[in-house]
>>> print(open('entry-v8.cif').read())   # mmCIF, C-alpha atoms (C1' of nucleotides) and all ligand atoms
data_target
loop_
_atom_site.label_atom_id
_atom_site.label_comp_id
_atom_site.auth_asym_id
_atom_site.auth_seq_id
_atom_site.Cartn_x
_atom_site.Cartn_y
_atom_site.Cartn_z
CA MET A 328 -91.39 21.53 -60.22
CA PHE A 329 -93.12 21.17 -56.86
CA SER A 330 -93.84 23.93 -54.36
CA LYS A 331 -91.64 24.26 -51.29
CA ALA A 332 -94.56 23.04 -49.19
CA CYS A 333 -94.78 19.91 -51.33
CA GLU A 334 -91.04 19.29 -51.20
CA TYR A 335 -91.11 19.51 -47.41
CA GLY A 336 -94.18 17.31 -47.30
CA ILE A 337 -92.60 14.54 -49.34
CA ARG A 338 -89.29 14.64 -47.49
CA ALA A 339 -91.09 14.68 -44.13
CA ALA A 340 -93.37 11.79 -45.04
CA ILE A 341 -90.42 9.69 -46.14
CA TYR A 342 -88.49 10.44 -42.96
CA ILE A 343 -91.45 9.74 -40.72
CA GLY A 344 -92.12 6.59 -42.70
CA GLN A 345 -88.58 5.40 -42.32
CA GLN A 346 -88.66 5.89 -38.55
CA SER A 347 -92.03 4.17 -38.32
CA ALA A 348 -90.95 1.23 -40.43
CA GLU A 349 -87.48 0.59 -39.10
CA LEU A 350 -87.71 1.71 -35.49
CA GLY A 351 -91.43 1.68 -34.89
CA ARG A 352 -91.28 5.02 -33.19
CA ARG A 353 -93.05 8.32 -33.56
CA VAL A 354 -91.06 11.44 -34.35
CA GLY A 355 -91.75 14.98 -33.16
CA LEU A 356 -91.94 18.07 -35.30
CA ARG A 357 -88.58 19.35 -34.08
CA ASP A 358 -86.97 16.09 -35.07
CA VAL A 359 -88.59 16.03 -38.50
CA ALA A 360 -87.55 19.59 -39.35
CA ALA A 361 -83.98 18.93 -38.24
CA GLU A 362 -83.68 15.72 -40.27
CA ILE A 363 -85.06 17.11 -43.52
CA ASP A 364 -83.60 20.60 -43.04
CA SER A 365 -86.84 22.58 -43.24
CA PRO A 366 -88.38 25.49 -41.30
CA GLU A 367 -90.12 24.07 -38.26
CA ALA A 368 -93.35 26.09 -38.11
CA PHE A 369 -93.95 25.88 -41.83
CA THR A 370 -93.35 22.16 -41.82
CA ALA A 371 -95.98 21.86 -39.09
CA LYS A 372 -98.57 23.39 -41.40
CA VAL A 373 -97.70 20.96 -44.16
CA LEU A 374 -97.86 17.96 -41.84
CA GLN A 375 -101.27 19.09 -40.61
CA GLN A 376 -102.48 19.06 -44.20
CA LEU A 377 -101.23 15.52 -44.66
CA VAL A 378 -102.82 14.38 -41.39
CA ARG A 379 -106.17 15.89 -42.41
CA ALA A 380 -105.86 14.10 -45.75
CA GLY A 381 -105.34 10.84 -43.88
CA LEU A 382 -101.90 10.26 -45.38
CA LEU A 383 -100.12 10.16 -42.05
CA THR A 384 -101.07 9.91 -38.39
CA SER A 385 -100.42 12.23 -35.47
CA VAL A 386 -100.66 11.65 -31.72
CA LYS A 387 -100.69 14.41 -29.13
CA GLY A 388 -98.98 14.59 -25.79
CA PRO A 389 -95.78 13.06 -24.40
CA THR A 390 -94.55 10.11 -26.49
CA GLY A 391 -96.70 11.62 -29.21
CA GLY A 392 -95.62 12.75 -32.65
CA PHE A 393 -96.08 11.71 -36.26
CA GLU A 394 -96.08 8.22 -37.66
CA LEU A 395 -97.19 6.13 -40.60
CA THR A 396 -99.18 3.01 -39.86
CA ALA A 397 -98.23 -0.21 -41.64
CA GLN A 398 -101.21 0.33 -43.88
CA GLN A 399 -100.17 3.89 -44.72
CA LEU A 400 -96.60 2.81 -45.40
CA ALA A 401 -97.81 0.26 -47.90
CA THR A 402 -100.54 2.23 -49.62
CA VAL A 403 -99.85 5.97 -49.51
CA THR A 404 -98.27 7.06 -52.78
CA LEU A 405 -96.23 10.10 -53.70
CA ARG A 406 -99.06 11.15 -55.94
CA GLN A 407 -101.48 11.37 -53.02
CA ILE A 408 -99.10 13.67 -51.18
CA VAL A 409 -98.52 15.89 -54.20
CA VAL A 410 -102.25 16.17 -54.90
CA ALA A 411 -103.03 16.90 -51.24
CA ILE A 412 -100.59 19.82 -51.16
CA ASP A 413 -100.19 21.18 -54.69
CA GLY A 414 -103.40 19.96 -56.29
CA GLY A 415 -103.57 18.21 -59.63
CA ASP A 416 -102.58 21.09 -61.93
CA MET A 417 -99.05 19.94 -62.60
CA LEU A 418 -100.36 16.44 -63.25
CA GLN A 419 -103.04 17.40 -65.74
CA GLY A 420 -102.66 21.03 -66.81
CA CYS A 421 -101.21 22.41 -70.02
CA ALA A 422 -97.47 23.04 -70.08
CA LEU A 423 -97.99 26.46 -71.65
CA GLY A 424 -100.82 27.44 -69.30
CA LEU A 425 -103.80 27.05 -71.61
CA PRO A 426 -107.00 26.77 -69.53
CA GLN A 427 -107.21 23.10 -70.33
CA CYS A 428 -105.00 20.50 -71.92
CA SER A 429 -106.74 18.49 -74.59
CA ALA A 430 -106.18 17.10 -78.05
CA GLN A 431 -109.11 19.22 -79.24
CA GLN A 432 -107.06 22.40 -79.13
CA PRO A 433 -103.55 21.32 -78.20
CA CYS A 434 -100.78 23.83 -77.57
CA PRO A 435 -97.73 23.49 -79.84
CA LEU A 436 -95.96 21.46 -77.18
CA HIS A 437 -98.82 19.15 -76.29
CA TYR A 438 -97.60 15.97 -77.97
CA GLN A 439 -94.04 16.51 -76.81
CA PHE A 440 -95.11 17.03 -73.20
CA LEU A 441 -97.64 14.27 -72.92
CA PRO A 442 -95.08 11.46 -72.55
CA ILE A 443 -93.14 13.48 -70.00
CA ARG A 444 -96.21 14.14 -67.92
CA ASP A 445 -97.34 10.56 -68.25
CA GLN A 446 -93.99 9.34 -66.99
CA LEU A 447 -94.16 11.77 -64.08
CA ASN A 448 -97.62 10.52 -63.19
CA GLU A 449 -96.39 6.97 -63.42
CA VAL A 450 -93.50 7.60 -61.04
CA LEU A 451 -95.71 9.36 -58.53
CA ARG A 452 -98.43 6.77 -58.76
CA THR A 453 -96.28 3.66 -58.40
CA HIS A 454 -94.05 4.65 -55.49
CA THR A 455 -95.27 4.30 -51.94
CA ILE A 456 -93.77 6.08 -48.96
CA GLY A 457 -92.74 2.75 -47.50
CA GLU A 458 -90.75 1.91 -50.60
CA LEU A 459 -88.91 5.24 -50.59
CA ALA A 460 -88.32 5.03 -46.85
CA GLY A 461 -86.52 1.76 -47.50
CA LYS A 462 -84.02 3.51 -49.75
CA VAL A 463 -83.21 6.02 -47.05
CA HIS A 464 -82.72 3.23 -44.56
CA ASP A 465 -80.39 1.43 -46.94
CA GLY A 466 -78.30 4.56 -47.47
CA LEU A 467 -79.43 4.80 -51.09
CA GLY A 468 -81.33 8.05 -50.61
CA PHE A 469 -80.87 11.22 -48.62
CA LEU A 470 -83.37 13.77 -47.29
CA LYS A 471 -80.91 16.56 -46.62
CA GLN A 472 -77.42 17.48 -47.59
CA PHE A 473 -74.61 16.23 -45.35
CA THR A 474 -71.47 18.29 -45.78
CA MET B 595 -94.31 23.52 -64.23
CA PHE B 596 -93.26 26.87 -65.60
CA SER B 597 -94.00 30.28 -64.08
CA LYS B 598 -96.78 32.38 -65.56
CA ALA B 599 -94.14 34.75 -66.92
CA CYS B 600 -92.48 31.85 -68.71
CA GLU B 601 -95.74 30.53 -70.12
CA TYR B 602 -96.55 33.97 -71.52
CA GLY B 603 -93.02 34.31 -72.86
CA ILE B 604 -93.15 31.02 -74.76
CA ARG B 605 -96.61 31.62 -76.17
CA ALA B 606 -95.68 35.17 -77.18
CA ALA B 607 -92.46 34.10 -78.84
CA ILE B 608 -94.26 31.44 -80.85
CA TYR B 609 -96.95 33.87 -81.95
CA ILE B 610 -94.45 36.57 -82.90
CA GLY B 611 -92.39 33.94 -84.69
CA GLN B 612 -95.37 32.72 -86.65
CA GLN B 613 -96.24 36.23 -87.80
CA SER B 614 -92.61 36.92 -88.70
CA ALA B 615 -92.21 33.69 -90.60
CA GLU B 616 -95.49 33.54 -92.48
CA LEU B 617 -96.39 37.18 -92.99
CA GLY B 618 -93.06 38.91 -92.49
CA ARG B 619 -94.63 41.52 -90.29
CA ARG B 620 -94.01 42.88 -86.87
CA VAL B 621 -96.68 42.64 -84.20
CA GLY B 622 -97.45 45.14 -81.46
CA LEU B 623 -97.85 44.40 -77.77
CA ARG B 624 -101.62 44.83 -77.89
CA ASP B 625 -101.84 42.31 -80.69
CA VAL B 626 -99.62 39.79 -78.91
CA ALA B 627 -101.55 39.95 -75.64
CA ALA B 628 -104.85 39.53 -77.46
CA GLU B 629 -103.66 36.53 -79.48
CA ILE B 630 -102.15 34.62 -76.58
CA ASP B 631 -104.73 35.77 -74.03
CA SER B 632 -102.36 37.33 -71.51
CA PRO B 633 -102.30 40.54 -69.43
CA GLU B 634 -100.86 43.28 -71.63
CA ALA B 635 -98.59 45.16 -69.22
CA PHE B 636 -97.18 42.01 -67.67
CA THR B 637 -96.51 40.52 -71.09
CA ALA B 638 -94.57 43.68 -71.96
CA LYS B 639 -92.20 43.01 -69.07
CA VAL B 640 -91.63 39.47 -70.23
CA LEU B 641 -90.99 40.52 -73.81
CA GLN B 642 -88.47 43.08 -72.62
CA GLN B 643 -86.60 40.30 -70.85
CA LEU B 644 -86.48 38.26 -74.05
CA VAL B 645 -85.33 41.25 -76.10
CA ARG B 646 -82.53 41.96 -73.62
CA ALA B 647 -81.53 38.30 -73.83
CA GLY B 648 -81.33 38.65 -77.62
CA LEU B 649 -84.01 36.00 -78.23
CA LEU B 650 -86.31 38.35 -80.12
CA THR B 651 -86.12 41.80 -81.69
CA SER B 652 -88.08 44.97 -81.04
CA VAL B 653 -88.45 48.15 -83.08
CA LYS B 654 -89.85 51.40 -81.74
CA GLY B 655 -92.20 53.85 -83.36
CA PRO B 656 -94.88 53.50 -86.03
CA THR B 657 -94.62 50.24 -88.00
CA GLY B 658 -92.60 49.05 -85.05
CA GLY B 659 -93.27 46.08 -82.82
CA PHE B 660 -91.75 42.69 -82.07
CA GLU B 661 -90.32 40.21 -84.55
CA LEU B 662 -88.00 37.26 -84.91
CA THR B 663 -85.30 37.47 -87.54
CA ALA B 664 -84.76 34.48 -89.82
CA GLN B 665 -81.72 33.63 -87.75
CA GLN B 666 -83.67 33.82 -84.49
CA LEU B 667 -86.46 31.68 -85.91
CA ALA B 668 -84.00 28.98 -86.84
CA THR B 669 -81.76 29.03 -83.78
CA VAL B 670 -83.65 30.21 -80.68
CA THR B 671 -84.79 27.21 -78.67
CA LEU B 672 -87.45 26.81 -76.03
CA ARG B 673 -84.71 26.11 -73.56
CA GLN B 674 -83.17 29.53 -74.09
CA ILE B 675 -86.50 31.18 -73.35
CA VAL B 676 -87.12 29.11 -70.23
CA VAL B 677 -83.61 29.78 -68.92
CA ALA B 678 -83.90 33.52 -69.66
CA ILE B 679 -87.12 33.80 -67.63
CA ASP B 680 -87.19 31.04 -65.03
CA GLY B 681 -83.50 30.24 -64.74
CA GLY B 682 -82.06 26.75 -64.84
CA ASP B 683 -83.42 25.39 -61.55
CA MET B 684 -86.18 23.27 -63.02
CA LEU B 685 -83.69 21.91 -65.55
CA GLN B 686 -81.00 20.91 -63.09
CA GLY B 687 -82.30 21.13 -59.52
CA CYS B 688 -83.40 18.31 -57.25
CA ALA B 689 -87.04 17.27 -57.47
CA LEU B 690 -87.31 17.25 -53.67
CA GLY B 691 -85.54 20.57 -53.21
CA LEU B 692 -82.15 19.37 -51.95
CA PRO B 693 -79.58 22.13 -52.42
CA GLN B 694 -78.02 20.22 -55.26
CA CYS B 695 -78.89 17.19 -57.34
CA SER B 696 -76.07 14.70 -57.61
CA ALA B 697 -75.41 11.00 -57.47
CA GLN B 698 -73.12 11.64 -54.48
CA GLN B 699 -76.06 12.19 -52.17
CA PRO B 700 -79.15 11.50 -54.26
CA CYS B 701 -82.65 12.03 -52.88
CA PRO B 702 -84.88 8.93 -52.85
CA LEU B 703 -86.42 9.99 -56.15
CA HIS B 704 -83.23 10.89 -57.95
CA TYR B 705 -82.99 7.92 -60.30
CA GLN B 706 -86.69 7.98 -61.07
CA PHE B 707 -86.64 11.68 -61.92
CA LEU B 708 -83.48 11.78 -63.95
CA PRO B 709 -85.00 10.30 -67.12
CA ILE B 710 -87.99 12.62 -66.81
CA ARG B 711 -85.81 15.67 -66.46
CA ASP B 712 -83.55 14.51 -69.25
CA GLN B 713 -86.51 14.10 -71.55
CA LEU B 714 -87.75 17.57 -70.61
CA ASN B 715 -84.34 19.03 -71.35
CA GLU B 716 -84.27 17.21 -74.66
CA VAL B 717 -87.65 18.58 -75.71
CA LEU B 718 -86.70 22.12 -74.76
CA ARG B 719 -83.29 21.89 -76.38
CA THR B 720 -84.35 20.44 -79.71
CA HIS B 721 -87.33 22.62 -80.56
CA THR B 722 -86.82 26.02 -82.12
CA ILE B 723 -89.40 28.77 -82.13
CA GLY B 724 -89.59 28.58 -85.93
CA GLU B 725 -90.50 24.91 -85.73
CA LEU B 726 -93.28 25.49 -83.21
CA ALA B 727 -94.54 28.53 -85.12
CA GLY B 728 -95.01 26.24 -88.11
CA LYS B 729 -97.40 24.06 -86.13
CA VAL B 730 -99.53 27.05 -85.23
CA HIS B 731 -99.59 28.10 -88.86
CA ASP B 732 -100.67 24.64 -89.93
CA GLY B 733 -103.48 24.59 -87.39
CA LEU B 734 -101.77 21.86 -85.39
CA GLY B 735 -101.17 24.01 -82.33
CA PHE B 736 -103.06 26.73 -80.47
CA LEU B 737 -101.84 29.58 -78.28
CA LYS B 738 -105.17 30.34 -76.64
CA GLN B 739 -108.49 28.70 -76.13
CA PHE B 740 -111.14 29.36 -78.79
CA THR B 741 -114.62 28.70 -77.50
"C1'" DT C 215 -90.37 70.04 -87.78
"C1'" DT C 216 -94.24 68.45 -85.51
"C1'" DT C 217 -97.15 64.82 -84.41
"C1'" DT C 218 -98.11 60.24 -83.66
"C1'" DT C 219 -96.87 55.67 -82.69
"C1'" DA C 220 -95.01 52.03 -79.82
"C1'" DC C 221 -91.38 50.05 -77.05
"C1'" DC C 222 -88.63 51.13 -72.54
"C1'" DG C 223 -87.99 51.74 -67.66
"C1'" DG C 224 -89.10 52.49 -63.08
"C1'" DA C 225 -92.32 52.81 -59.47
"C1'" DC C 226 -96.25 50.96 -57.48
"C1'" DA C 227 -100.02 47.56 -56.14
"C1'" DA C 228 -102.40 43.02 -55.59
"C1'" DT C 229 -101.97 38.27 -54.91
"C1'" DT C 230 -99.81 34.02 -53.68
"C1'" DT C 231 -96.38 31.57 -51.38
"C1'" DT C 232 -93.46 31.00 -47.63
"C1'" DA C 233 -92.63 31.50 -42.88
"C1'" DT C 234 -93.43 32.79 -37.86
"C1'" DC C 235 -95.87 33.28 -33.36
"C1'" DC C 236 -98.86 32.07 -29.76
"C1'" DG C 237 -102.62 30.46 -27.17
"C1'" DG C 238 -105.67 26.14 -27.06
"C1'" DT C 239 -106.38 21.19 -26.64
"C1'" DA C 240 -105.42 16.49 -25.96
"C1'" DT C 241 -102.42 13.07 -23.84
"C1'" DT C 242 -99.00 11.08 -20.84
"C1'" DC C 243 -96.80 10.66 -16.53
"C1'" DA C 244 -95.80 11.80 -11.72
"C1'" DT D 1309 -105.21 15.75 -9.82
"C1'" DG D 1310 -101.49 18.41 -11.61
"C1'" DA D 1311 -97.73 19.37 -14.58
"C1'" DA D 1312 -95.30 18.70 -18.68
"C1'" DT D 1313 -95.41 17.47 -23.57
"C1'" DA D 1314 -96.58 18.03 -28.34
"C1'" DC D 1315 -99.88 18.59 -32.00
"C1'" DC D 1316 -103.76 22.02 -33.59
"C1'" DG D 1317 -105.59 26.36 -35.32
"C1'" DG D 1318 -105.80 31.05 -36.24
"C1'" DA D 1319 -103.61 35.41 -36.79
"C1'" DT D 1320 -99.78 37.71 -38.51
"C1'" DA D 1321 -95.71 38.87 -41.27
"C1'" DA D 1322 -92.10 38.59 -44.88
"C1'" DA D 1323 -90.94 37.49 -49.54
"C1'" DA D 1324 -91.77 36.30 -54.24
"C1'" DT D 1325 -94.73 36.39 -58.09
"C1'" DT D 1326 -98.03 38.51 -60.81
"C1'" DG D 1327 -100.04 42.53 -62.50
"C1'" DT D 1328 -100.74 47.83 -63.38
"C1'" DC D 1329 -99.58 52.73 -64.35
"C1'" DC D 1330 -97.21 56.42 -66.35
"C1'" DG D 1331 -93.80 59.35 -68.08
"C1'" DG D 1332 -89.58 58.86 -71.20
"C1'" DT D 1333 -87.32 57.74 -75.59
"C1'" DA D 1334 -86.78 56.42 -80.34
"C1'" DA D 1335 -88.62 56.18 -84.93
"C1'" DA D 1336 -91.78 56.92 -88.70
"C1'" DA D 1337 -95.09 59.75 -91.10
"C1'" DA D 1338 -97.47 64.02 -92.11
S1 LIG A 1401 -102.54 21.54 -74.47
FE1 LIG A 1401 -100.61 22.22 -73.74
S2 LIG A 1401 -99.80 20.38 -72.90
FE2 LIG A 1401 -101.73 19.70 -73.67
S1 LIG A 1402 -80.96 14.52 -55.84
FE1 LIG A 1402 -83.11 14.78 -55.97
S2 LIG A 1402 -83.46 14.61 -58.10
FE2 LIG A 1402 -81.30 14.33 -57.99
#
>>> encode(input="entry-v8.cif", output="structure tokens")
Amino acid sequence: MFSKACEYGIRAAIYIGQQSAELGRRVGLRDVAAEIDSPEAFTAKVLQQLVRAGLLTSVKGPTGGFELTAQQLATVTLRQIVVAIDGGDMLQGCALGLPQCSAQQPCPLHYQFLPIRDQLNEVLRTHTIGELAGKVHDGLGFLKQFT
Amino acid sequence: MFSKACEYGIRAAIYIGQQSAELGRRVGLRDVAAEIDSPEAFTAKVLQQLVRAGLLTSVKGPTGGFELTAQQLATVTLRQIVVAIDGGDMLQGCALGLPQCSAQQPCPLHYQFLPIRDQLNEVLRTHTIGELAGKVHDGLGFLKQFT
DNA sequence: TTTTTACCGGACAATTTTATCCGGTATTCA
DNA sequence: TGAATACCGGATAAAATTGTCCGGTAAAAA
């Protein structure tokens, strides 16, 4: 579905968002990688992408780390993260890989896949990081497997 | 969504199925690759996978090529092709990459993604190659872009 | 039987994705 | 000011995916 980079990016953003929202504190890379169970250096690259895209904030030096501002918590959507990392192909492209998806020359699956893709877009578009972070805080969602 | 190999495999199977159903003739690799606009040698690898999985039939020598029997046309589903090439991860795995998707420890997107994944499974499970081949024959579906 | 056709199988190569390492820079704190 | 902290950026490497090449095998036709 999503690339590994995108999976890490989403999980990281939600974790950082939860810490920002509930505890008002920044979290370091080491902490993030441990809490979402991802490779540290690779996660750093993904977070840098998100920072450059303006979807989360970073601060250098001691007491530094990553955080989501109140504004980011309320407005950054899953879709923005997915687009920033994976691009829009999965959100617009043809399921069978035709160079473009359109009703002009639809692939044999076009009309079956449209509602699925629309629903995916809807989910990604209507959920903010703050909202998902709330679920984690309430114990309704997990970002790694606890044995 | 799907891997390139899987996209080629689905398009190829539909094209071969259409030729088998409507014209009762086998098609060669060169023909397949041209009609679905895919790299020839790579497509050969994918077709070999599908033959080994019993989802389509190949015949060597002159007048040989690939075909779908009447039984295969009526019973082989998209899901079988996807599973044979990409495996079942996209059909069962967690959207955020957790090692397993379950309501025991759901990721924050679990309940939003379940209906999407269910609908995807339903589409793949309920459409046979013969059915999709019919759309191509009727001009309702395309397997490559005509300019 | 010989030749030709076309799939099969394995090795190989290019590209993309995933992952690591390390020095540089900015920031905090003593 | 100096030292420690932690993100930044580029280079590098490993792995997976995508793509190619070529000789081998089976089958049909001459
Ligand atoms: S043309 Fe294939 S999904 Fe629209
Ligand atoms: S646990 Fe993530 S989709 Fe089910």
>>> residues_near_ligand(input="entry-v8.cif", ligand="ligand LIG 1402 (chain A)", cutoff="12 Å", atoms="all atoms listed in the file", output="compact mmCIF listing (two decimals) with C-alpha atoms, keeping the file's coordinate frame")
# COMPACT_ATOMS: atom_id res chain seq x y z
CA MET A 328 -91.39 21.53 -60.22
CA PHE A 329 -93.12 21.17 -56.86
CA GLU A 334 -91.04 19.29 -51.20
CA ILE A 337 -92.60 14.54 -49.34
CA ARG A 338 -89.29 14.64 -47.49
CA LEU A 467 -79.43 4.80 -51.09
CA GLY A 468 -81.33 8.05 -50.61
CA PHE A 469 -80.87 11.22 -48.62
CA LEU A 470 -83.37 13.77 -47.29
CA LYS A 471 -80.91 16.56 -46.62
CA GLN A 472 -77.42 17.48 -47.59
CA ASP B 683 -83.42 25.39 -61.55
CA MET B 684 -86.18 23.27 -63.02
CA LEU B 685 -83.69 21.91 -65.55
CA GLN B 686 -81.00 20.91 -63.09
CA GLY B 687 -82.30 21.13 -59.52
CA CYS B 688 -83.40 18.31 -57.25
CA ALA B 689 -87.04 17.27 -57.47
CA LEU B 690 -87.31 17.25 -53.67
CA GLY B 691 -85.54 20.57 -53.21
CA LEU B 692 -82.15 19.37 -51.95
CA PRO B 693 -79.58 22.13 -52.42
CA GLN B 694 -78.02 20.22 -55.26
CA CYS B 695 -78.89 17.19 -57.34
CA SER B 696 -76.07 14.70 -57.61
CA ALA B 697 -75.41 11.00 -57.47
CA GLN B 698 -73.12 11.64 -54.48
CA GLN B 699 -76.06 12.19 -52.17
CA PRO B 700 -79.15 11.50 -54.26
CA CYS B 701 -82.65 12.03 -52.88
CA PRO B 702 -84.88 8.93 -52.85
CA LEU B 703 -86.42 9.99 -56.15
CA HIS B 704 -83.23 10.89 -57.95
CA TYR B 705 -82.99 7.92 -60.30
CA GLN B 706 -86.69 7.98 -61.07
CA PHE B 707 -86.64 11.68 -61.92
CA LEU B 708 -83.48 11.78 -63.95
CA PRO B 709 -85.00 10.30 -67.12
CA ILE B 710 -87.99 12.62 -66.81
CA ARG B 711 -85.81 15.67 -66.46
CA ASP B 712 -83.55 14.51 -69.25
>>> atom_distance(input="entry-v8.cif", atom1="atom CA of Thr637 of chain B", atom2="atom CA of Gln713 of chain B")
28.3 Å
>>> atom_distance(input="entry-v8.cif", atom1="atom CA of Ala668 of chain B", atom2="atom CA of Ile723 of chain B")
7.2 Å
>>> atom_distance(input="entry-v8.cif", atom1="atom C1' of DG237 of chain C", atom2="atom C1' of DT1309 of chain D")
22.9 Å
>>> interface_residues(input="entry-v8.cif", of="chain D", to="chain A", cutoff="9 Å", atoms="all atoms listed in the file", output="VMD selection string")
chain D and resid 1312 to 1316
>>> write_last_selection(input="entry-v8.cif", atoms="C-alpha atoms (C1' of nucleotides)", output="short mmCIF file (atom, residue, chain, number, x, y, z; two decimals), in the coordinates of the input")
data_model
loop_
_atom_site.label_atom_id
_atom_site.label_comp_id
_atom_site.auth_asym_id
_atom_site.auth_seq_id
_atom_site.Cartn_x
_atom_site.Cartn_y
_atom_site.Cartn_z
"C1'" DA D 1312 -95.30 18.70 -18.68
"C1'" DT D 1313 -95.41 17.47 -23.57
"C1'" DA D 1314 -96.58 18.03 -28.34
"C1'" DC D 1315 -99.88 18.59 -32.00
"C1'" DC D 1316 -103.76 22.02 -33.59
#
>>> closest_atom_pairs(input="entry-v8.cif", of="chain C", to="chain B", cutoff="10 Å", atoms="only C-alpha atoms (C1' of nucleotides)", output="CSV")
residue,atom,partner,partner_atom,distance
C:DT218,C1',B:Pro656,CA,7.8
C:DT219,C1',B:Pro656,CA,4.5
C:DA220,C1',B:Gly655,CA,4.9
C:DC221,C1',B:Lys654,CA,5.1
C:DC222,C1',B:Gln642,CA,8.1
C:DG223,C1',B:Lys639,CA,9.8
>>> axis_aligned_box(input="entry-v8.cif", around="ligand LIG 1401 (chain A)", padding_each_side="8 Å", output="AutoDock Vina command-line options")
--center_x -101.2 --center_y 21.0 --center_z -73.7 --size_x 18.7 --size_y 18.5 --size_z 17.6
>>> residues_near_point(input="entry-v8.cif", point="(-99.2, 52.7, -58.4)", cutoff="6 Å", atoms="all atoms listed in the file", output="list of chain:residue names")
C:DC226, C:DA227, D:DC1329
>>> build_atoms(input="entry-v8.cif", residues="segment 687-701 of chain B", atoms="N, CA and C atoms", output="mmCIF file, in the coordinates of the input")
data_model
loop_
_atom_site.group_PDB
_atom_site.id
_atom_site.type_symbol
_atom_site.label_atom_id
_atom_site.label_comp_id
_atom_site.auth_asym_id
_atom_site.auth_seq_id
_atom_site.Cartn_x
_atom_site.Cartn_y
_atom_site.Cartn_z
ATOM 1 N N GLY B 687 -82.139 21.284 -60.965
ATOM 2 C CA GLY B 687 -82.300 21.130 -59.520
ATOM 3 C C GLY B 687 -82.928 19.807 -59.108
ATOM 4 N N CYS B 688 -82.843 19.532 -57.815
ATOM 5 C CA CYS B 688 -83.400 18.310 -57.250
ATOM 6 C C CYS B 688 -84.926 18.400 -57.170
ATOM 7 N N ALA B 689 -85.579 17.307 -57.480
ATOM 8 C CA ALA B 689 -87.040 17.270 -57.470
ATOM 9 C C ALA B 689 -87.597 17.483 -56.060
ATOM 10 N N LEU B 690 -86.845 17.106 -55.046
ATOM 11 C CA LEU B 690 -87.310 17.250 -53.670
ATOM 12 C C LEU B 690 -86.714 18.469 -52.979
ATOM 13 N N GLY B 691 -86.014 19.315 -53.764
ATOM 14 C CA GLY B 691 -85.540 20.570 -53.210
ATOM 15 C C GLY B 691 -84.215 20.501 -52.476
ATOM 16 N N LEU B 692 -83.494 19.393 -52.558
ATOM 17 C CA LEU B 692 -82.150 19.370 -51.950
ATOM 18 C C LEU B 692 -81.289 20.426 -52.640
ATOM 19 N N PRO B 693 -80.345 21.005 -51.871
ATOM 20 C CA PRO B 693 -79.580 22.130 -52.420
ATOM 21 C C PRO B 693 -78.871 21.812 -53.720
ATOM 22 N N GLN B 694 -78.491 20.572 -53.920
ATOM 23 C CA GLN B 694 -78.020 20.220 -55.260
ATOM 24 C C GLN B 694 -78.315 18.766 -55.588
ATOM 25 N N CYS B 695 -78.553 18.528 -56.855
ATOM 26 C CA CYS B 695 -78.890 17.190 -57.340
ATOM 27 C C CYS B 695 -77.624 16.507 -57.819
ATOM 28 N N SER B 696 -77.259 15.432 -57.153
ATOM 29 C CA SER B 696 -76.070 14.700 -57.610
ATOM 30 C C SER B 696 -76.142 13.268 -57.142
ATOM 31 N N ALA B 697 -75.427 12.415 -57.830
ATOM 32 C CA ALA B 697 -75.410 11.000 -57.470
ATOM 33 C C ALA B 697 -74.613 10.760 -56.201
ATOM 34 N N GLN B 698 -73.877 11.771 -55.724
ATOM 35 C CA GLN B 698 -73.120 11.640 -54.480
ATOM 36 C C GLN B 698 -74.055 11.420 -53.304
ATOM 37 N N GLN B 699 -75.055 12.309 -53.217
ATOM 38 C CA GLN B 699 -76.060 12.190 -52.170
ATOM 39 C C GLN B 699 -77.418 12.364 -52.802
ATOM 40 N N PRO B 700 -77.887 11.375 -53.529
ATOM 41 C CA PRO B 700 -79.150 11.500 -54.260
ATOM 42 C C PRO B 700 -80.344 11.432 -53.317
ATOM 43 N N CYS B 701 -81.409 12.177 -53.629
ATOM 44 C CA CYS B 701 -82.650 12.030 -52.880
ATOM 45 C C CYS B 701 -83.296 10.706 -53.298
#
